[in-house]
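Quick notes on the structure that follows.
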Amino acid sequence: MLKAVLHRVLSITQTPMGNVQLKDGHRLHLTRHTGLNTYFTEFFAFVDDATTSCAQAAAQHRQVTVRDVAGADVFDEASRYAILQSGSRAAHSVPLTSSRGAVMGMVSSHHERPLTAFSTAQLAALQQTGTDAGRWLSWHWSTVVLDALERLHTTAIRRLH
């Protein structure tokens, strides 16, 4: 599912570079990517501070566009370097939100050139993708994952007795 979400966002934003992060406590964990180098993926394996557009989008529960990474205030110098050296000059982050508005994760597109703006239709399609993916993630965690954990717990208890 995350592969499909990433593909959809990259199709809408017309770029070959992007990543998906899932919420892991109070931080974002990089779980899927394409077109980004090892330095980028290792540097951003876990994001737990506000020095990235994805962290801002998660905190603000809204899409965030960074038109030019080189001059954007949101990044500290280490984050800026990690993004620029990967060939990305701009980024757009879309929160994956549950039906209650909780951020379940983030999908971001990265662009080789500074961005001007996305159309209203593109922004709406990105928003819908984030909502659909977030609702699916919420359902998955509250049914499939919890059911599997309950089964594992029950099995372990039986083996102890």
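Within each chain, counting starts at residue 1; across the structure tokens, chains are named A, B, ... in the order shown, with ligands numbered 1 upward in that order.
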
Using backbone DSSP assignments, extract all strand (DSSP E) residues from chain A; output them as a PDB file with N, CA, C and O atoms, in the first residue's frame.
```pdb
ATOM      1  N   MET A  17      11.505  11.409  -7.378  1.00  0.00           N
ATOM      2  CA  MET A  17      12.088  11.256  -6.039  1.00  0.00           C
ATOM      3  C   MET A  17      11.049  11.476  -4.953  1.00  0.00           C
ATOM      4  O   MET A  17      10.288  12.447  -5.012  1.00  0.00           O
ATOM      5  N   GLY A  18      11.057  10.578  -3.948  1.00  0.00           N
ATOM      6  CA  GLY A  18      10.148  10.774  -2.835  1.00  0.00           C
ATOM      7  C   GLY A  18      10.320   9.726  -1.767  1.00  0.00           C
ATOM      8  O   GLY A  18      11.080   8.768  -1.926  1.00  0.00           O
ATOM      9  N   ASN A  19       9.602   9.918  -0.660  1.00  0.00           N
ATOM     10  CA  ASN A  19       9.684   8.981   0.450  1.00  0.00           C
ATOM     11  C   ASN A  19       8.401   8.961   1.263  1.00  0.00           C
ATOM     12  O   ASN A  19       7.614   9.899   1.223  1.00  0.00           O
ATOM     13  N   VAL A  20       8.233   7.848   1.989  1.00  0.00           N
ATOM     14  CA  VAL A  20       7.110   7.669   2.915  1.00  0.00           C
ATOM     15  C   VAL A  20       7.704   7.429   4.293  1.00  0.00           C
ATOM     16  O   VAL A  20       8.663   6.672   4.445  1.00  0.00           O
ATOM     17  N   GLN A  21       7.116   8.094   5.278  1.00  0.00           N
ATOM     18  CA  GLN A  21       7.513   7.916   6.669  1.00  0.00           C
ATOM     19  C   GLN A  21       6.274   7.542   7.467  1.00  0.00           C
ATOM     20  O   GLN A  21       5.189   8.056   7.197  1.00  0.00           O
ATOM     21  N   LEU A  22       6.451   6.675   8.444  1.00  0.00           N
ATOM     22  CA  LEU A  22       5.356   6.329   9.342  1.00  0.00           C
ATOM     23  C   LEU A  22       5.652   6.888  10.721  1.00  0.00           C
ATOM     24  O   LEU A  22       6.810   6.999  11.127  1.00  0.00           O
ATOM     25  N   LYS A  23       4.599   7.249  11.414  1.00  0.00           N
ATOM     26  CA  LYS A  23       4.723   7.780  12.766  1.00  0.00           C
ATOM     27  C   LYS A  23       5.200   6.663  13.685  1.00  0.00           C
ATOM     28  O   LYS A  23       4.670   5.561  13.675  1.00  0.00           O
ATOM     29  N   ASP A  24       6.214   6.959  14.457  1.00  0.00           N
ATOM     30  CA  ASP A  24       6.806   6.007  15.397  1.00  0.00           C
ATOM     31  C   ASP A  24       6.979   6.761  16.715  1.00  0.00           C
ATOM     32  O   ASP A  24       8.001   7.394  16.941  1.00  0.00           O
ATOM     33  N   ARG A  27       8.158  10.555  16.530  1.00  0.00           N
ATOM     34  CA  ARG A  27       9.044  10.802  15.399  1.00  0.00           C
ATOM     35  C   ARG A  27       8.522  10.102  14.161  1.00  0.00           C
ATOM     36  O   ARG A  27       7.606   9.292  14.225  1.00  0.00           O
ATOM     37  N   LEU A  28       9.118  10.446  13.027  1.00  0.00           N
ATOM     38  CA  LEU A  28       8.781   9.826  11.754  1.00  0.00           C
ATOM     39  C   LEU A  28       9.894   8.855  11.374  1.00  0.00           C
ATOM     40  O   LEU A  28      11.074   9.177  11.497  1.00  0.00           O
ATOM     41  N   HIS A  29       9.501   7.676  10.904  1.00  0.00           N
ATOM     42  CA  HIS A  29      10.452   6.640  10.506  1.00  0.00           C
ATOM     43  C   HIS A  29      10.344   6.424   9.000  1.00  0.00           C
ATOM     44  O   HIS A  29       9.276   6.102   8.493  1.00  0.00           O
ATOM     45  N   LEU A  30      11.451   6.591   8.291  1.00  0.00           N
ATOM     46  CA  LEU A  30      11.486   6.398   6.837  1.00  0.00           C
ATOM     47  C   LEU A  30      11.264   4.925   6.525  1.00  0.00           C
ATOM     48  O   LEU A  30      12.023   4.072   6.988  1.00  0.00           O
ATOM     49  N   THR A  31      10.207   4.620   5.778  1.00  0.00           N
ATOM     50  CA  THR A  31       9.879   3.230   5.497  1.00  0.00           C
ATOM     51  C   THR A  31       9.939   2.871   4.020  1.00  0.00           C
ATOM     52  O   THR A  31      10.031   1.696   3.681  1.00  0.00           O
ATOM     53  N   ARG A  32       9.875   3.860   3.172  1.00  0.00           N
ATOM     54  CA  ARG A  32       9.879   3.589   1.730  1.00  0.00           C
ATOM     55  C   ARG A  32      10.436   4.819   1.031  1.00  0.00           C
ATOM     56  O   ARG A  32      10.194   5.943   1.445  1.00  0.00           O
ATOM     57  N   HIS A  33      11.172   4.600  -0.065  1.00  0.00           N
ATOM     58  CA  HIS A  33      11.707   5.735  -0.827  1.00  0.00           C
ATOM     59  C   HIS A  33      12.032   5.299  -2.245  1.00  0.00           C
ATOM     60  O   HIS A  33      12.152   4.110  -2.534  1.00  0.00           O
ATOM     61  N   THR A  34      12.193   6.284  -3.088  1.00  0.00           N
ATOM     62  CA  THR A  34      12.659   6.036  -4.445  1.00  0.00           C
ATOM     63  C   THR A  34      13.404   7.278  -4.930  1.00  0.00           C
ATOM     64  O   THR A  34      13.020   8.408  -4.613  1.00  0.00           O
ATOM     65  N   PHE A  46      15.208   8.504  10.837  1.00  0.00           N
ATOM     66  CA  PHE A  46      14.264   8.917  11.878  1.00  0.00           C
ATOM     67  C   PHE A  46      14.300  10.433  11.964  1.00  0.00           C
ATOM     68  O   PHE A  46      15.374  11.023  12.034  1.00  0.00           O
ATOM     69  N   VAL A  47      13.147  11.057  11.939  1.00  0.00           N
ATOM     70  CA  VAL A  47      13.042  12.512  12.060  1.00  0.00           C
ATOM     71  C   VAL A  47      12.272  12.798  13.340  1.00  0.00           C
ATOM     72  O   VAL A  47      11.118  12.399  13.484  1.00  0.00           O
ATOM     73  N   VAL A  64       2.870  20.914   3.365  1.00  0.00           N
ATOM     74  CA  VAL A  64       3.900  21.951   3.414  1.00  0.00           C
ATOM     75  C   VAL A  64       4.741  21.859   2.153  1.00  0.00           C
ATOM     76  O   VAL A  64       5.234  20.788   1.806  1.00  0.00           O
ATOM     77  N   THR A  65       4.901  22.989   1.488  1.00  0.00           N
ATOM     78  CA  THR A  65       5.743  23.072   0.295  1.00  0.00           C
ATOM     79  C   THR A  65       6.970  23.900   0.607  1.00  0.00           C
ATOM     80  O   THR A  65       6.861  24.996   1.158  1.00  0.00           O
ATOM     81  N   VAL A  66       8.119  23.376   0.274  1.00  0.00           N
ATOM     82  CA  VAL A  66       9.362  24.144   0.344  1.00  0.00           C
ATOM     83  C   VAL A  66       9.767  24.383  -1.098  1.00  0.00           C
ATOM     84  O   VAL A  66      10.190  23.473  -1.800  1.00  0.00           O
ATOM     85  N   ALA A  90      13.711  21.114  -3.983  1.00  0.00           N
ATOM     86  CA  ALA A  90      12.402  21.498  -3.449  1.00  0.00           C
ATOM     87  C   ALA A  90      11.716  20.244  -2.914  1.00  0.00           C
ATOM     88  O   ALA A  90      12.059  19.129  -3.304  1.00  0.00           O
ATOM     89  N   ALA A  91      10.754  20.463  -2.018  1.00  0.00           N
ATOM     90  CA  ALA A  91      10.042  19.321  -1.423  1.00  0.00           C
ATOM     91  C   ALA A  91       8.600  19.699  -1.119  1.00  0.00           C
ATOM     92  O   ALA A  91       8.283  20.866  -0.886  1.00  0.00           O
ATOM     93  N   HIS A  92       7.760  18.683  -1.125  1.00  0.00           N
ATOM     94  CA  HIS A  92       6.357  18.872  -0.743  1.00  0.00           C
ATOM     95  C   HIS A  92       5.967  17.694   0.140  1.00  0.00           C
ATOM     96  O   HIS A  92       6.129  16.540  -0.250  1.00  0.00           O
ATOM     97  N   SER A  93       5.449  17.977   1.332  1.00  0.00           N
ATOM     98  CA  SER A  93       5.085  16.938   2.291  1.00  0.00           C
ATOM     99  C   SER A  93       3.579  16.919   2.529  1.00  0.00           C
ATOM    100  O   SER A  93       2.965  17.962   2.732  1.00  0.00           O
ATOM    101  N   VAL A  94       3.025  15.704   2.509  1.00  0.00           N
ATOM    102  CA  VAL A  94       1.586  15.490   2.673  1.00  0.00           C
ATOM    103  C   VAL A  94       1.362  14.555   3.860  1.00  0.00           C
ATOM    104  O   VAL A  94       1.828  13.415   3.844  1.00  0.00           O
ATOM    105  N   PRO A  95       0.658  15.022   4.906  1.00  0.00           N
ATOM    106  CA  PRO A  95       0.381  14.135   6.039  1.00  0.00           C
ATOM    107  C   PRO A  95      -0.624  13.045   5.676  1.00  0.00           C
ATOM    108  O   PRO A  95      -1.557  13.282   4.907  1.00  0.00           O
ATOM    109  N   LEU A  96      -0.410  11.863   6.221  1.00  0.00           N
ATOM    110  CA  LEU A  96      -1.331  10.741   6.077  1.00  0.00           C
ATOM    111  C   LEU A  96      -2.161  10.740   7.353  1.00  0.00           C
ATOM    112  O   LEU A  96      -1.654  10.412   8.427  1.00  0.00           O
ATOM    113  N   THR A  97      -3.420  11.155   7.254  1.00  0.00           N
ATOM    114  CA  THR A  97      -4.226  11.394   8.452  1.00  0.00           C
ATOM    115  C   THR A  97      -5.394  10.426   8.581  1.00  0.00           C
ATOM    116  O   THR A  97      -6.032  10.059   7.601  1.00  0.00           O
ATOM    117  N   VAL A 103      -2.091  12.202  12.663  1.00  0.00           N
ATOM    118  CA  VAL A 103      -1.093  11.956  11.627  1.00  0.00           C
ATOM    119  C   VAL A 103      -0.528  10.555  11.827  1.00  0.00           C
ATOM    120  O   VAL A 103       0.049  10.241  12.870  1.00  0.00           O
ATOM    121  N   MET A 104      -0.715   9.714  10.824  1.00  0.00           N
ATOM    122  CA  MET A 104      -0.228   8.334  10.854  1.00  0.00           C
ATOM    123  C   MET A 104       1.133   8.208  10.172  1.00  0.00           C
ATOM    124  O   MET A 104       1.855   7.257  10.387  1.00  0.00           O
ATOM    125  N   GLY A 105       1.420   9.187   9.320  1.00  0.00           N
ATOM    126  CA  GLY A 105       2.665   9.162   8.571  1.00  0.00           C
ATOM    127  C   GLY A 105       2.753  10.364   7.655  1.00  0.00           C
ATOM    128  O   GLY A 105       1.971  11.308   7.770  1.00  0.00           O
ATOM    129  N   MET A 106       3.705  10.287   6.735  1.00  0.00           N
ATOM    130  CA  MET A 106       3.974  11.407   5.836  1.00  0.00           C
ATOM    131  C   MET A 106       4.471  10.856   4.509  1.00  0.00           C
ATOM    132  O   MET A 106       5.202   9.871   4.479  1.00  0.00           O
ATOM    133  N   VAL A 107       4.072  11.493   3.429  1.00  0.00           N
ATOM    134  CA  VAL A 107       4.645  11.183   2.118  1.00  0.00           C
ATOM    135  C   VAL A 107       5.163  12.499   1.550  1.00  0.00           C
ATOM    136  O   VAL A 107       4.483  13.526   1.621  1.00  0.00           O
ATOM    137  N   SER A 108       6.386  12.456   1.033  1.00  0.00           N
ATOM    138  CA  SER A 108       7.011  13.681   0.515  1.00  0.00           C
ATOM    139  C   SER A 108       7.548  13.445  -0.885  1.00  0.00           C
ATOM    140  O   SER A 108       8.114  12.386  -1.177  1.00  0.00           O
ATOM    141  N   SER A 109       7.374  14.440  -1.718  1.00  0.00           N
ATOM    142  CA  SER A 109       7.983  14.424  -3.050  1.00  0.00           C
ATOM    143  C   SER A 109       9.183  15.364  -3.026  1.00  0.00           C
ATOM    144  O   SER A 109       9.188  16.369  -2.316  1.00  0.00           O
ATOM    145  N   HIS A 110      10.206  15.010  -3.778  1.00  0.00           N
ATOM    146  CA  HIS A 110      11.416  15.832  -3.884  1.00  0.00           C
ATOM    147  C   HIS A 110      11.635  16.171  -5.349  1.00  0.00           C
ATOM    148  O   HIS A 110      11.427  15.329  -6.222  1.00  0.00           O
ATOM    149  N   HIS A 111      12.074  17.396  -5.596  1.00  0.00           N
ATOM    150  CA  HIS A 111      12.133  17.926  -6.954  1.00  0.00           C
ATOM    151  C   HIS A 111      13.524  18.461  -7.271  1.00  0.00           C
ATOM    152  O   HIS A 111      14.153  19.107  -6.428  1.00  0.00           O
TER     153      HIS A 111
END
```

Inset, instruction - Just the residues within 6 Å of stretch 37-41 of chain A, please, counting only C-alpha atoms, with nothing from its chain fewer than 2 positions along; format it as a list in words. - result: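 Residues near the query, excluding close chain neighbours: Phe43, Phe44, Ala45, Ala82 and Ser86 of chain A.
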
Inset, instruction - Using only C-alpha atoms, pick whichever of A:Ala59, A:Ala102, A:Leu115, A:Cys54 has the shortest atom-to-atom distance to A:Leu137. - result: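 Smallest separation from A:Leu137 among the options: A:Ala102.
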